[in-house]
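Pasted below: query_16.txt, compact mmCIF, C-alpha atoms.
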# COMPACT_ATOMS: atom_id res chain seq x y z
CA MET X 1 114.41 106.95 145.12
CA LYS X 2 114.48 110.73 145.10
CA ASN X 3 111.96 112.97 143.38
CA ARG X 4 112.45 116.53 142.21
CA ALA X 5 109.77 118.47 140.38
CA TYR X 6 109.93 118.71 136.61
CA THR X 7 109.40 122.31 135.53
CA ALA X 8 109.75 122.25 131.74
CA GLN X 9 107.02 123.69 129.56
CA ILE X 10 104.83 121.13 127.78
CA PRO X 11 103.79 121.97 124.18
CA GLN X 12 100.17 122.96 123.71
CA LEU X 13 97.92 120.43 122.02
CA THR X 14 96.80 121.15 118.47
CA ILE X 15 94.41 119.44 116.08
CA PHE X 16 97.45 117.82 114.46
CA ASP X 17 98.22 115.90 117.65
CA ASN X 18 94.73 114.38 117.74
CA LEU X 19 94.76 113.65 114.02
CA PHE X 20 98.11 111.91 114.24
CA TRP X 21 97.11 109.50 117.00
CA PHE X 22 93.73 108.83 115.40
CA PHE X 23 95.30 107.86 112.08
CA LEU X 24 98.15 105.93 113.73
CA PHE X 25 95.55 103.71 115.37
CA LEU X 26 93.77 103.33 112.02
CA TYR X 27 97.13 102.30 110.52
CA THR X 28 97.27 99.39 113.00
CA ASP X 29 93.72 98.30 112.04
CA PRO X 30 92.03 97.93 115.46
CA GLY X 31 89.48 95.14 115.26
CA GLY X 32 90.81 93.90 111.91
CA TYR X 33 88.24 95.45 109.58
CA GLN X 34 90.81 96.27 106.90
CA PHE X 35 92.24 92.75 106.90
CA GLY X 36 89.06 90.80 107.66
CA TYR X 37 86.79 92.42 105.08
CA PHE X 38 89.16 93.88 102.48
CA ASN X 39 92.36 91.80 102.88
CA GLN X 40 93.93 95.23 103.54
CA ASN X 41 93.50 96.28 99.89
CA ILE X 42 91.67 99.40 98.75
CA TYR X 43 92.23 99.03 95.02
CA GLY X 44 94.60 96.72 93.17
CA ASN X 45 97.97 96.75 94.94
CA ILE X 46 97.10 99.84 96.98
CA ASN X 47 96.27 98.98 100.58
CA PHE X 48 95.05 100.98 103.56
CA GLN X 49 98.53 101.44 105.00
CA ASP X 50 99.76 102.97 101.73
CA VAL X 51 97.16 105.70 102.09
CA ILE X 52 97.35 106.19 105.86
CA ILE X 53 101.16 106.51 105.86
CA VAL X 54 100.79 109.45 103.45
CA VAL X 55 98.26 111.04 105.82
CA LEU X 56 100.60 110.50 108.79
CA ALA X 57 103.54 111.97 106.87
CA THR X 58 101.49 115.04 105.92
CA ILE X 59 100.43 115.59 109.54
CA TYR X 60 104.03 115.17 110.68
CA PHE X 61 105.46 117.72 108.26
CA ILE X 62 102.83 120.43 108.85
CA SER X 63 102.54 120.01 112.63
CA PRO X 64 104.27 122.51 114.97
CA LYS X 65 107.89 121.59 115.55
CA ILE X 66 109.65 121.43 118.90
CA ASN X 67 112.75 123.52 119.58
CA ARG X 68 115.46 121.03 120.46
CA SER X 69 118.66 121.93 122.26
CA SER X 70 120.28 118.79 120.88
CA ASN X 71 119.48 116.16 118.28
CA LYS X 72 122.33 113.81 119.16
CA ILE X 73 120.08 110.90 120.09
CA LYS X 74 118.06 111.15 116.89
CA SER X 75 121.21 111.64 114.80
CA ARG X 76 122.92 108.57 116.24
CA PHE X 77 119.88 106.44 115.63
CA THR X 78 119.57 107.74 112.07
CA ILE X 79 123.18 106.70 111.34
CA LEU X 80 122.41 103.15 112.53
CA ILE X 81 119.27 103.02 110.38
CA ILE X 82 121.25 104.17 107.32
CA LEU X 83 123.82 101.41 107.98
CA TRP X 84 121.07 98.80 108.10
CA LEU X 85 119.22 100.20 105.07
CA THR X 86 122.43 100.09 103.05
CA TYR X 87 122.69 96.37 103.66
CA PHE X 88 118.94 95.87 103.20
CA LEU X 89 118.89 97.59 99.82
CA PHE X 90 122.19 96.72 98.21
CA VAL X 91 122.94 93.25 99.61
CA TYR X 92 119.62 91.71 100.62
CA GLY X 93 117.71 93.49 97.87
CA PHE X 94 120.10 93.03 94.93
CA GLN X 95 121.28 89.52 95.77
CA ASN X 96 118.52 87.81 93.78
CA ASN X 97 117.46 90.81 91.71
CA ASN X 98 118.70 93.08 88.96
CA SER X 99 117.79 96.56 87.82
CA SER X 100 114.58 95.29 86.21
CA THR X 101 113.30 93.29 89.19
CA PHE X 102 114.55 95.65 91.93
CA PRO X 103 111.35 97.79 91.78
CA PHE X 104 109.36 94.62 92.60
CA PHE X 105 111.56 94.14 95.68
CA LEU X 106 110.90 97.74 96.77
CA LEU X 107 107.16 97.33 96.23
CA LYS X 108 106.93 94.13 98.25
CA ASN X 109 109.03 95.55 101.09
CA ARG X 110 107.46 99.00 101.27
CA LEU X 111 105.92 98.27 104.69
CA PHE X 112 109.42 97.96 106.11
CA PHE X 113 110.21 101.48 104.92
CA TYR X 114 106.92 102.69 106.39
CA ASN X 115 108.05 101.23 109.73
CA ILE X 116 111.21 103.34 109.58
CA PHE X 117 109.14 106.47 108.97
CA LEU X 118 106.91 105.58 111.92
CA VAL X 119 109.90 105.68 114.29
CA PHE X 120 110.45 109.37 113.56
CA PHE X 121 106.75 110.29 113.34
CA VAL X 122 105.94 108.66 116.69
CA SER X 123 109.05 110.12 118.33
CA HIS X 124 107.97 113.63 117.38
CA PHE X 125 104.42 113.32 118.69
CA ILE X 126 105.50 111.61 121.91
CA GLN X 127 107.69 114.63 122.56
CA ARG X 128 104.65 116.81 122.11
CA ASN X 129 102.19 114.83 124.25
CA THR X 130 102.07 111.29 125.58
CA ARG X 131 98.63 111.35 127.13
CA LEU X 132 96.84 111.22 123.78
CA PHE X 133 98.26 107.77 123.11
CA PHE X 134 96.56 106.46 126.26
CA THR X 135 93.36 108.34 125.44
CA TYR X 136 93.05 106.76 122.00
CA LEU X 137 94.18 103.36 123.29
CA VAL X 138 91.28 103.30 125.77
CA LEU X 139 88.82 104.66 123.19
CA PHE X 140 89.62 102.21 120.39
CA SER X 141 89.99 99.25 122.77
CA TYR X 142 86.56 99.69 124.32
CA ILE X 143 84.95 100.12 120.90
CA VAL X 144 86.52 96.82 119.81
CA PHE X 145 85.49 95.10 123.07
CA ILE X 146 81.86 96.18 122.65
CA LEU X 147 81.73 95.03 119.03
CA TYR X 148 83.53 91.75 119.76
CA PHE X 149 81.40 90.67 122.72
CA THR X 150 78.20 91.73 120.99
CA THR X 151 79.16 89.56 118.02
CA ILE X 152 80.05 86.59 120.24
CA LEU X 153 76.94 86.80 122.44
CA THR X 154 74.31 87.64 119.81
CA GLY X 155 75.68 86.12 116.63
CA ILE X 156 75.22 89.44 114.85
CA GLU X 157 78.47 90.10 113.03
CA LEU X 158 79.62 93.59 113.94
CA ILE X 159 83.31 92.82 113.69
CA PRO X 160 85.21 90.23 111.60
CA ILE X 161 86.17 87.18 113.68
CA LEU X 162 88.61 84.51 112.54
CA ASP X 163 87.08 81.17 113.59
CA LEU X 164 89.76 78.44 113.58
CA GLU X 165 90.21 74.94 114.93
CA ARG X 166 92.53 74.39 117.90
CA GLY X 167 94.40 71.13 117.39
CA PHE X 168 94.73 69.93 120.97
CA THR X 169 91.09 70.74 121.89
CA GLU X 170 87.64 70.43 120.38
CA GLY X 171 87.14 74.18 120.73
CA ARG X 172 87.08 76.94 118.18
CA ARG X 173 89.56 79.81 118.34
CA LEU X 174 87.69 83.12 118.14
CA PHE X 175 90.40 85.49 116.94
CA LEU X 176 90.32 89.09 115.88
CA TYR X 177 92.13 89.73 112.61
CA SER X 178 94.06 92.56 114.26
CA TYR X 179 94.48 93.65 117.87
CA SER X 180 96.33 96.91 117.20
CA PHE X 181 97.87 98.13 120.48
CA MET X 182 95.51 96.02 122.58
CA TYR X 183 98.41 93.61 123.18
CA TRP X 184 99.67 96.18 125.68
CA LEU X 185 96.49 96.38 127.78
CA ILE X 186 97.48 93.55 130.13
CA PRO X 187 100.93 94.93 131.01
CA LEU X 188 99.39 98.39 131.43
CA ALA X 189 96.76 96.99 133.81
CA ILE X 190 99.51 95.31 135.84
CA ILE X 191 101.53 98.55 135.88
CA VAL X 192 98.52 100.49 137.16
CA ILE X 193 98.01 97.97 139.99
CA PHE X 194 101.65 97.93 141.07
CA PHE X 195 102.58 101.58 140.58
CA LYS X 196 99.23 103.30 141.26
CA PRO X 197 99.73 106.20 138.81
CA LYS X 198 97.43 109.17 139.27
CA ILE X 199 95.82 109.18 135.85
CA LYS X 200 92.12 109.28 135.05
CA GLU X 201 92.34 106.17 132.83
CA SER X 202 93.56 103.90 135.67
CA LYS X 203 90.31 102.01 136.27
CA LEU X 204 89.55 101.78 132.57
CA LEU X 205 92.97 100.24 131.94
CA ILE X 206 92.49 97.66 134.70
CA ILE X 207 89.09 96.64 133.31
CA ALA X 208 90.54 96.56 129.79
CA GLY X 209 93.31 94.25 131.01
CA SER X 210 90.68 91.84 132.37
CA LEU X 211 88.70 91.97 129.13
CA MET X 212 91.86 91.25 127.18
CA ILE X 213 92.38 88.09 129.23
CA VAL X 214 88.86 87.05 128.19
CA LEU X 215 89.83 87.55 124.54
CA TRP X 216 92.93 85.37 124.96
CA ILE X 217 90.85 82.65 126.66
CA LEU X 218 88.37 82.65 123.78
CA SER X 219 91.21 82.46 121.27
CA ILE X 220 92.81 79.52 123.18
CA THR X 221 96.23 81.10 122.73
CA ARG X 222 98.99 79.27 124.61
CA ARG X 223 101.60 81.93 123.94
CA GLN X 224 99.57 84.77 125.44
CA LEU X 225 98.86 82.80 128.64
CA ILE X 226 102.60 82.42 129.24
CA ILE X 227 103.29 86.02 128.24
CA THR X 228 100.72 87.26 130.77
CA ILE X 229 102.51 85.33 133.54
CA LEU X 230 105.87 86.71 132.40
CA TYR X 231 104.50 90.27 132.43
CA ILE X 232 103.32 89.81 136.03
CA LEU X 233 106.78 88.61 137.09
CA ILE X 234 108.66 91.31 135.14
CA ILE X 235 106.54 94.21 136.41
CA ALA X 236 106.49 92.84 139.98
CA LEU X 237 110.30 92.74 140.00
CA TYR X 238 110.63 96.26 138.57
CA SER X 239 108.09 97.62 141.06
CA ARG X 240 110.16 96.16 143.90
CA LYS X 241 113.26 97.87 142.51
CA PHE X 242 111.52 101.24 142.11
CA TYR X 243 109.65 101.42 145.38
CA ASN X 244 110.89 98.43 147.38
CA LEU X 245 107.37 96.99 147.19
CA LYS X 246 106.83 93.51 148.53
CA ILE X 247 106.21 90.84 145.92
CA TRP X 248 103.14 89.68 147.81
CA ILE X 249 101.40 92.85 146.63
CA SER X 250 100.74 90.83 143.47
CA ILE X 251 97.71 89.46 145.34
CA LYS X 252 96.03 92.67 144.18
CA LEU X 253 96.11 91.18 140.69
CA ALA X 254 93.74 88.42 141.74
CA PRO X 255 90.49 90.20 140.75
CA VAL X 256 91.94 91.12 137.34
CA ILE X 257 92.69 87.46 136.65
CA ILE X 258 89.78 85.76 138.45
CA ILE X 259 86.96 87.94 137.08
CA PRO X 260 87.66 86.98 133.42
CA PHE X 261 87.42 83.29 134.33
CA ILE X 262 84.13 83.88 136.17
CA PHE X 263 82.84 85.74 133.12
CA ILE X 264 83.86 82.85 130.84
CA TRP X 265 82.21 80.36 133.22
CA PHE X 266 78.90 82.16 132.79
CA ILE X 267 78.92 82.55 129.00
CA THR X 268 80.83 79.48 127.74
CA PRO X 269 82.30 77.26 130.50
CA THR X 270 83.86 74.77 128.07
CA TYR X 271 86.54 77.35 127.33
CA LEU X 272 87.83 77.00 130.89
CA GLN X 273 88.70 73.39 130.07
CA TYR X 274 90.30 74.49 126.82
CA THR X 275 92.36 77.05 128.74
CA LYS X 276 93.50 74.36 131.17
CA GLN X 277 94.57 72.19 128.23
CA ALA X 278 96.39 75.15 126.64
CA PHE X 279 98.27 75.79 129.87
CA ILE X 280 99.27 72.12 130.17
CA GLU X 281 100.47 72.19 126.57
CA SER X 282 102.51 75.35 127.24
CA ILE X 283 104.23 73.88 130.30
CA SER X 284 105.00 70.69 128.40
CA ILE X 285 106.52 72.60 125.47
CA ILE X 286 108.60 74.87 127.72
CA THR X 287 109.95 72.02 129.88
CA THR X 288 110.41 69.28 127.26
CA GLY X 289 110.22 70.98 123.86
CA LYS X 290 107.30 68.72 123.02
CA THR X 291 103.51 68.83 123.27
CA SER X 292 101.68 66.56 125.73
CA LEU X 293 101.20 64.12 122.83
CA GLY X 294 104.96 63.98 122.21
CA LYS X 295 105.07 66.16 119.09
CA GLU X 296 108.24 68.26 118.91
CA ASP X 297 107.75 72.05 118.86
CA THR X 298 110.56 73.22 116.59
CA ARG X 299 109.97 76.93 117.28
CA PHE X 300 111.85 76.73 120.58
CA ILE X 301 114.80 74.62 119.49
CA PHE X 302 115.38 75.90 115.92
CA THR X 303 115.04 72.56 114.16
CA GLN X 304 112.86 73.61 111.21
CA ASP X 305 114.65 71.72 108.44
CA ASN X 306 114.06 73.95 105.41
CA ILE X 307 115.00 77.21 107.13
CA ARG X 308 118.12 75.66 108.67
CA LYS X 309 119.07 74.37 105.23
CA GLN X 310 118.64 77.84 103.73
CA PHE X 311 120.91 79.31 106.40
CA GLN X 312 123.57 76.60 106.07
CA ASN X 313 123.74 77.26 102.33
CA ASN X 314 123.94 81.04 102.76
CA LYS X 315 125.56 81.68 106.14
CA ALA X 316 127.35 84.94 105.37
CA ILE X 317 124.78 87.11 103.59
CA GLY X 318 121.66 84.93 103.58
CA THR X 319 119.29 84.02 100.78
CA GLY X 320 118.51 87.61 99.90
CA PHE X 321 115.00 88.69 98.97
CA ASP X 322 112.73 85.79 98.10
CA TYR X 323 109.00 86.37 97.91
CA LYS X 324 108.39 82.87 99.27
CA TRP X 325 109.12 84.18 102.78
CA SER X 326 105.86 86.15 102.74
CA THR X 327 103.40 83.88 100.91
CA MET X 328 101.13 80.99 101.92
CA GLU X 329 102.75 78.88 99.21
CA GLY X 330 106.12 79.60 100.77
CA ASP X 331 104.78 78.59 104.17
CA ARG X 332 103.78 75.21 102.78
CA GLU X 333 107.30 74.79 101.36
CA GLY X 334 108.84 75.58 104.75
CA PHE X 335 109.59 79.30 104.35
CA GLU X 336 107.74 80.11 107.59
CA ALA X 337 109.06 83.51 108.67
CA ALA X 338 106.12 84.29 110.97
CA ASP X 339 106.54 81.13 113.06
CA TYR X 340 110.35 81.18 113.11
CA PRO X 341 111.40 84.86 113.23
CA PHE X 342 114.98 84.44 114.46
CA LEU X 343 115.78 81.40 112.35
CA SER X 344 114.25 82.95 109.23
CA ALA X 345 116.12 86.23 109.87
CA LEU X 346 119.38 84.25 109.90
CA ALA X 347 118.45 82.52 106.67
CA MET X 348 117.23 85.67 104.90
CA PHE X 349 119.98 88.12 105.93
CA GLY X 350 122.88 85.93 107.03
CA ILE X 351 125.29 86.59 109.86
CA VAL X 352 126.58 89.81 108.27
CA GLY X 353 123.06 91.17 107.89
CA LEU X 354 122.14 90.55 111.52
CA LEU X 355 125.42 92.10 112.64
CA CYS X 356 124.39 95.22 110.71
CA PHE X 357 121.06 95.30 112.55
CA PHE X 358 122.51 94.46 115.98
CA PRO X 359 123.72 98.05 116.71
CA ILE X 360 120.06 99.14 116.61
CA TYR X 361 119.26 96.62 119.35
CA TYR X 362 122.31 97.78 121.32
CA PHE X 363 121.33 101.44 120.94
CA ILE X 364 117.82 100.74 122.25
CA TYR X 365 118.67 98.52 125.20
CA LYS X 366 121.66 100.55 126.34
CA ARG X 367 119.63 103.75 126.51
CA LEU X 368 116.57 102.04 127.95
CA PHE X 369 118.54 100.67 130.90
CA LEU X 370 120.63 103.82 131.34
CA LEU X 371 117.40 105.78 131.62
CA TYR X 372 116.05 103.17 134.03
CA LYS X 373 119.17 103.51 136.18
CA ARG X 374 118.87 107.30 136.18
CA ILE X 375 115.20 107.15 137.20
CA ILE X 376 116.13 104.90 140.12
CA GLN X 377 118.69 107.50 141.20
CA ILE X 378 116.69 110.74 140.99
CA GLY X 379 113.04 109.72 140.53
CA PRO X 380 110.77 109.58 137.49
CA TYR X 381 109.19 112.99 138.01
CA SER X 382 112.61 114.63 137.97
CA ILE X 383 112.93 113.45 134.38
CA PHE X 384 109.48 113.21 132.83
CA PRO X 385 106.97 116.06 132.57
CA SER X 386 103.94 113.86 133.29
CA THR X 387 102.81 110.59 134.83
CA TYR X 388 101.87 109.43 131.32
CA ASP X 389 105.53 109.60 130.27
CA PHE X 390 106.51 107.44 133.24
CA MET X 391 103.69 105.02 132.42
CA LEU X 392 104.91 104.76 128.84
CA PHE X 393 108.47 104.19 130.03
CA LEU X 394 107.31 101.37 132.33
CA LEU X 395 105.41 99.82 129.43
CA LEU X 396 108.49 99.98 127.20
CA LEU X 397 110.70 98.60 129.98
CA SER X 398 108.31 95.66 130.38
CA VAL X 399 107.83 94.99 126.66
CA PHE X 400 111.52 95.21 125.74
CA THR X 401 112.43 93.02 128.74
CA LEU X 402 109.89 90.44 127.57
CA GLU X 403 111.44 90.54 124.10
CA LEU X 404 114.83 89.76 125.65
CA ILE X 405 113.32 86.63 127.18
CA LEU X 406 111.61 85.46 123.98
CA TYR X 407 114.83 84.49 122.24
CA MET X 408 113.02 82.74 119.39
CA ASN X 409 111.74 86.14 118.23
CA TYR X 410 115.11 87.91 118.05
CA PHE X 411 115.53 90.01 114.89
CA SER X 412 111.84 89.62 114.01
CA PRO X 413 111.77 93.29 112.86
CA THR X 414 113.95 92.19 109.94
CA SER X 415 112.17 88.99 108.97
CA ILE X 416 108.53 90.09 109.43
CA SER X 417 108.10 93.31 107.46
CA ARG X 418 104.47 93.76 108.54
CA SER X 419 105.44 93.86 112.22
CA TYR X 420 105.27 97.52 113.15
CA TYR X 421 105.31 97.09 116.96
CA PHE X 422 109.09 97.14 117.37
CA PHE X 423 109.44 100.32 115.35
CA ILE X 424 106.61 102.13 117.12
CA GLN X 425 108.09 101.07 120.47
CA THR X 426 111.42 102.47 119.29
CA GLY X 427 109.69 105.73 118.35
CA PHE X 428 108.17 105.90 121.83
CA LEU X 429 111.60 105.43 123.42
CA LEU X 430 113.29 107.97 121.15
CA GLY X 431 110.61 110.50 122.03
CA LEU X 432 111.07 109.94 125.76
CA LEU X 433 114.87 110.09 125.43
CA GLN X 434 114.69 113.36 123.51
CA LYS X 435 112.50 114.82 126.23
CA THR X 436 115.17 114.04 128.79
CA ASN X 437 117.87 115.19 126.37
CA ILE X 438 116.17 118.57 125.93
CA HIS X 439 115.54 119.38 129.54
CA TYR X 440 118.23 117.33 131.29
CA PRO X 441 121.34 117.44 129.08
CA TYR X 442 123.47 116.19 131.99
CA LEU X 443 121.92 112.75 131.53
CA THR X 444 124.70 110.74 129.92
CA ILE X 445 122.54 108.78 127.51
Just dump the structure as C-alpha cells.
Amino acid sequence: MKNRAYTAQIPQLTIFDNLFWFFLFLYTDPGGYQFGYFNQNIYGNINFQDVIIVVLATIYFISPKINRSSNKIKSRFTILIILWLTYFLFVYGFQNNNSSTFPFFLLKNRLFFYNIFLVFFVSHFIQRNTRLFFTYLVLFSYIVFILYFTTILTGIELIPILDLERGFTEGRRLFLYSYSFMYWLIPLAIIVIFFKPKIKESKLLIIAGSLMIVLWILSITRRQLIITILYILIIALYSRKFYNLKIWISIKLAPVIIIPFIFIWFITPTYLQYTKQAFIESISIITTGKTSLGKEDTRFIFTQDNIRKQFQNNKAIGTGFDYKWSTMEGDREGFEAADYPFLSALAMFGIVGLLCFFPIYYFIYKRLFLLYKRIIQIGPYSIFPSTYDFMLFLLLLSVFTLELILYMNYFSPTSISRSYYFFIQTGFLLGLLQKTNIHYPYLTI
C-alpha cells in the first residue's frame, strides 16, 4: 500500500466546533441521566432532545462554512433522503391518519426527522475536525466509568443503573440507561492494537475498551459478547488486508480481554459464571436457534407470530403508522419493533417502503467500499488529512461490516425512530467522503 503526503489545509478550530461535539454527546445522553431520572422529559411533551437539537441546529447555521469545490456527494444523498421522506410522510404517515391526526404522527415521529438533520450537522463538523469527536468520546466515557464503578463498589448512587433479572442466571443485570457512543470503545481499542495509530488517545482508548468489557460482563449481555468476538475477527481481517499483518498478532489483544475478567474476579467473581452461562446460551442460539433449555429464539428466524401476521396482511405498503409499535402496551400485544427490527420494518413499511429506503443503504456501502479500495491502492494518508480521519474510517468500516452480518437488524433505522447511531455514522461517512471529494476530485466515488 502506497502512501503520499496529504497537503490540504485543515480548517482552524473555533468555539463552535467544541460546542457542537459537547452538545452532540449530550444529545445521546451519556450515562443515561436524562432517561433514568427524567424519562427524557423536561416539561410535558418536551424532552431533552427537542431542546438540544435546536442548540445543534443553531451552532450548525452560525458556524464557519467550508468552501467546497463540489457538493455532488451531499446532493445525491439528499435526493435519496427526499425519496424516502416522501414515502414516509405520504404513504406511511397518511395510511392510518387524516388531516386532523397527521400532526400527532409528526409529533410522535419527530426524532426520526432529528436523525436526518444529524446526518448533515455531523457531516459538516467532521469536515472541519475529526479529532474533537475522539477527545469528547474519551472525556465523557471516563466520566461515566468513574461514576458507574463508584456506584457499583460503594452503593452510593452517582449514576442511574437499571437493575434487571437475567432469566438464565441468578444474577442481576447492571445496565446503564444509555451508553451514548461508548458502544464503539471496544472496536476502537481493537483498531488501536492492530493499526498502531500515532494519536495521543491510544492508551486511553485501549483501557476504555477493557472497561467496556467489564460493563458488558456486569450487564450479562449475550449479544455484546458475540459482537466483541465479531469485531476482533472483522478488524483482524481488515488489518491483514491493509498491512499484510499476520492474524496471530491478535495475541496482543489478550491483556485487553483478560484484565477485565481478572478485575471481575476480584470484585464479584459470580459474574464470571454468569458470563460463561451467557456465552453457552449465545452459542446454542446461534447454532440451533434455541436456548440451552430448548426455548426457541424467534429473533434469528423471524417467527414472531403477530409481526409476521401484520406483514402478511399488508405486504405492499405495510401497516402504516401505528403508535403500538413504540409503546409498552404494544410490546405486550406483539408489536415488538425493538426486538425484531427487520421483521417490524417489513410489517410497518411493506416491501415498497423498504425498496424506497434501500438506495440509502446502497449509497452508503458502495461509497464505503470504494473508498476502502482506493485507500488500499494509494494509502490512507494520501486521502485523509489526519490519523483521526483514518481511525474514524476504520471504525465505520468495522461497524457497517458488522451491521451487514447482523441480518436481523436490517432496516432498523426505519423501524426504531430513537436509534440515532445509523444516521450519525452516515454523517461521519459523508463528512469523510466530502473531504476526499474536495481535495481529491479524481476519486470516482
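Using only C-alpha atoms for every distance, the candidate list X:Phe88, X:Phe94, X:Phe263, X:Tyr340 yields X:Phe88 as the residue closest to Phe113 in chain X.
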Report as a PDB file with C-alpha atoms, keeping the file's coordinate frame all protein, DNA and RNA residues lying within 12 Å of Ser141 in chain X, evaluated on only C-alpha atoms, omitting residues in the same chain fewer than 3 positions from it.
ATOM      1  CA  PHE X  25      95.550 103.710 115.370  1.00  0.00           C
ATOM      2  CA  ASP X  29      93.720  98.300 112.040  1.00  0.00           C
ATOM      3  CA  PRO X  30      92.030  97.930 115.460  1.00  0.00           C
ATOM      4  CA  GLY X  31      89.480  95.140 115.260  1.00  0.00           C
ATOM      5  CA  PHE X 133      98.260 107.770 123.110  1.00  0.00           C
ATOM      6  CA  PHE X 134      96.560 106.460 126.260  1.00  0.00           C
ATOM      7  CA  THR X 135      93.360 108.340 125.440  1.00  0.00           C
ATOM      8  CA  TYR X 136      93.050 106.760 122.000  1.00  0.00           C
ATOM      9  CA  LEU X 137      94.180 103.360 123.290  1.00  0.00           C
ATOM     10  CA  VAL X 138      91.280 103.300 125.770  1.00  0.00           C
ATOM     11  CA  VAL X 144      86.520  96.820 119.810  1.00  0.00           C
ATOM     12  CA  PHE X 145      85.490  95.100 123.070  1.00  0.00           C
ATOM     13  CA  ILE X 146      81.860  96.180 122.650  1.00  0.00           C
ATOM     14  CA  LEU X 147      81.730  95.030 119.030  1.00  0.00           C
ATOM     15  CA  TYR X 148      83.530  91.750 119.760  1.00  0.00           C
ATOM     16  CA  SER X 178      94.060  92.560 114.260  1.00  0.00           C
ATOM     17  CA  TYR X 179      94.480  93.650 117.870  1.00  0.00           C
ATOM     18  CA  SER X 180      96.330  96.910 117.200  1.00  0.00           C
ATOM     19  CA  PHE X 181      97.870  98.130 120.480  1.00  0.00           C
ATOM     20  CA  MET X 182      95.510  96.020 122.580  1.00  0.00           C
ATOM     21  CA  TYR X 183      98.410  93.610 123.180  1.00  0.00           C
ATOM     22  CA  TRP X 184      99.670  96.180 125.680  1.00  0.00           C
ATOM     23  CA  LEU X 185      96.490  96.380 127.780  1.00  0.00           C
ATOM     24  CA  ILE X 186      97.480  93.550 130.130  1.00  0.00           C
ATOM     25  CA  LEU X 204      89.550 101.780 132.570  1.00  0.00           C
ATOM     26  CA  LEU X 205      92.970 100.240 131.940  1.00  0.00           C
ATOM     27  CA  ILE X 207      89.090  96.640 133.310  1.00  0.00           C
ATOM     28  CA  ALA X 208      90.540  96.560 129.790  1.00  0.00           C
ATOM     29  CA  GLY X 209      93.310  94.250 131.010  1.00  0.00           C
ATOM     30  CA  LEU X 211      88.700  91.970 129.130  1.00  0.00           C
ATOM     31  CA  MET X 212      91.860  91.250 127.180  1.00  0.00           C
ATOM     32  CA  LEU X 215      89.830  87.550 124.540  1.00  0.00           C
TER      33      LEU X 215
END
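Residues in contact with range 149-154 of chain X at up to 9 Å, not including ones fewer than 6 positions away on its chain and judged by only C-alpha atoms, are Pro160, Ile161, Leu174 and Ile267 of chain X.
For the pair CA of Lys290 in chain X and CA of Ala278 in chain X, the separation is 13.2 Å.
In this model, the gap between CA of Arg332 in chain X and CA of Phe357 in chain X comes to 28.2 Å.
Atom pair CA of Leu253 in chain X / CA of Ile193 in chain X has a distance of 7.1 Å (rounded to one decimal).
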Best match for closeness to Thr268 in chain X among X:Tyr231, X:Gln304, X:Gly350, X:Arg172, counting only C-alpha atoms: X:Arg172
Residues near Ile416 in chain X, cut-off 9 Å, only C-alpha atoms, skip fewer than 5 positions along chain, as a list in words: Phe112, Trp325, Ser326, Ala337, Ala338, Pro341, Ala345 and Phe411 of chain X
Write to file, as a CSV table (one decimal), in the coordinates of the input, the residues of the selection just made, with C-alpha atoms.
chain,number,residue,atom,x,y,z
X,112,PHE,CA,109.4,98.0,106.1
X,325,TRP,CA,109.1,84.2,102.8
X,326,SER,CA,105.9,86.2,102.7
X,337,ALA,CA,109.1,83.5,108.7
X,338,ALA,CA,106.1,84.3,111.0
X,341,PRO,CA,111.4,84.9,113.2
X,345,ALA,CA,116.1,86.2,109.9
X,411,PHE,CA,115.5,90.0,114.9
Which residue of X:Thr401, X:Thr14, X:Thr319, X:Gln40 approaches Pro187 in chain X most closely, using all atoms listed in the file: X:Thr401
Starting from the incomplete input, reconstruct N, CA and C atoms of range 51-62 of chain X and report them as an mmCIF file, keeping the file's coordinate frame.
data_model
loop_
_atom_site.group_PDB
_atom_site.id
_atom_site.type_symbol
_atom_site.label_atom_id
_atom_site.label_comp_id
_atom_site.auth_asym_id
_atom_site.auth_seq_id
_atom_site.Cartn_x
_atom_site.Cartn_y
_atom_site.Cartn_z
ATOM 1 N N VAL X 51 97.852 104.418 102.026
ATOM 2 C CA VAL X 51 97.160 105.700 102.090
ATOM 3 C C VAL X 51 97.384 106.378 103.448
ATOM 4 N N ILE X 52 97.268 105.595 104.519
ATOM 5 C CA ILE X 52 97.350 106.190 105.860
ATOM 6 C C ILE X 52 98.764 106.692 106.146
ATOM 7 N N ILE X 53 99.798 106.030 105.614
ATOM 8 C CA ILE X 53 101.160 106.510 105.860
ATOM 9 C C ILE X 53 101.368 107.882 105.222
ATOM 10 N N VAL X 54 100.710 108.126 104.090
ATOM 11 C CA VAL X 54 100.790 109.450 103.450
ATOM 12 C C VAL X 54 100.105 110.487 104.335
ATOM 13 N N VAL X 55 98.964 110.132 104.909
ATOM 14 C CA VAL X 55 98.260 111.040 105.820
ATOM 15 C C VAL X 55 99.134 111.346 107.039
ATOM 16 N N LEU X 56 99.742 110.310 107.617
ATOM 17 C CA LEU X 56 100.600 110.500 108.790
ATOM 18 C C LEU X 56 101.801 111.384 108.455
ATOM 19 N N ALA X 57 102.394 111.161 107.285
ATOM 20 C CA ALA X 57 103.540 111.970 106.870
ATOM 21 C C ALA X 57 103.142 113.434 106.699
ATOM 22 N N THR X 58 101.975 113.664 106.117
ATOM 23 C CA THR X 58 101.490 115.040 105.920
ATOM 24 C C THR X 58 101.287 115.723 107.267
ATOM 25 N N ILE X 59 100.653 115.027 108.194
ATOM 26 C CA ILE X 59 100.430 115.590 109.540
ATOM 27 C C ILE X 59 101.757 115.899 110.210
ATOM 28 N N TYR X 60 102.714 114.981 110.062
ATOM 29 C CA TYR X 60 104.030 115.170 110.680
ATOM 30 C C TYR X 60 104.719 116.422 110.159
ATOM 31 N N PHE X 61 104.709 116.620 108.849
ATOM 32 C CA PHE X 61 105.460 117.720 108.260
ATOM 33 C C PHE X 61 104.803 119.084 108.476
ATOM 34 N N ILE X 62 103.483 119.124 108.665
ATOM 35 C CA ILE X 62 102.830 120.430 108.850
ATOM 36 C C ILE X 62 102.536 120.720 110.322
#
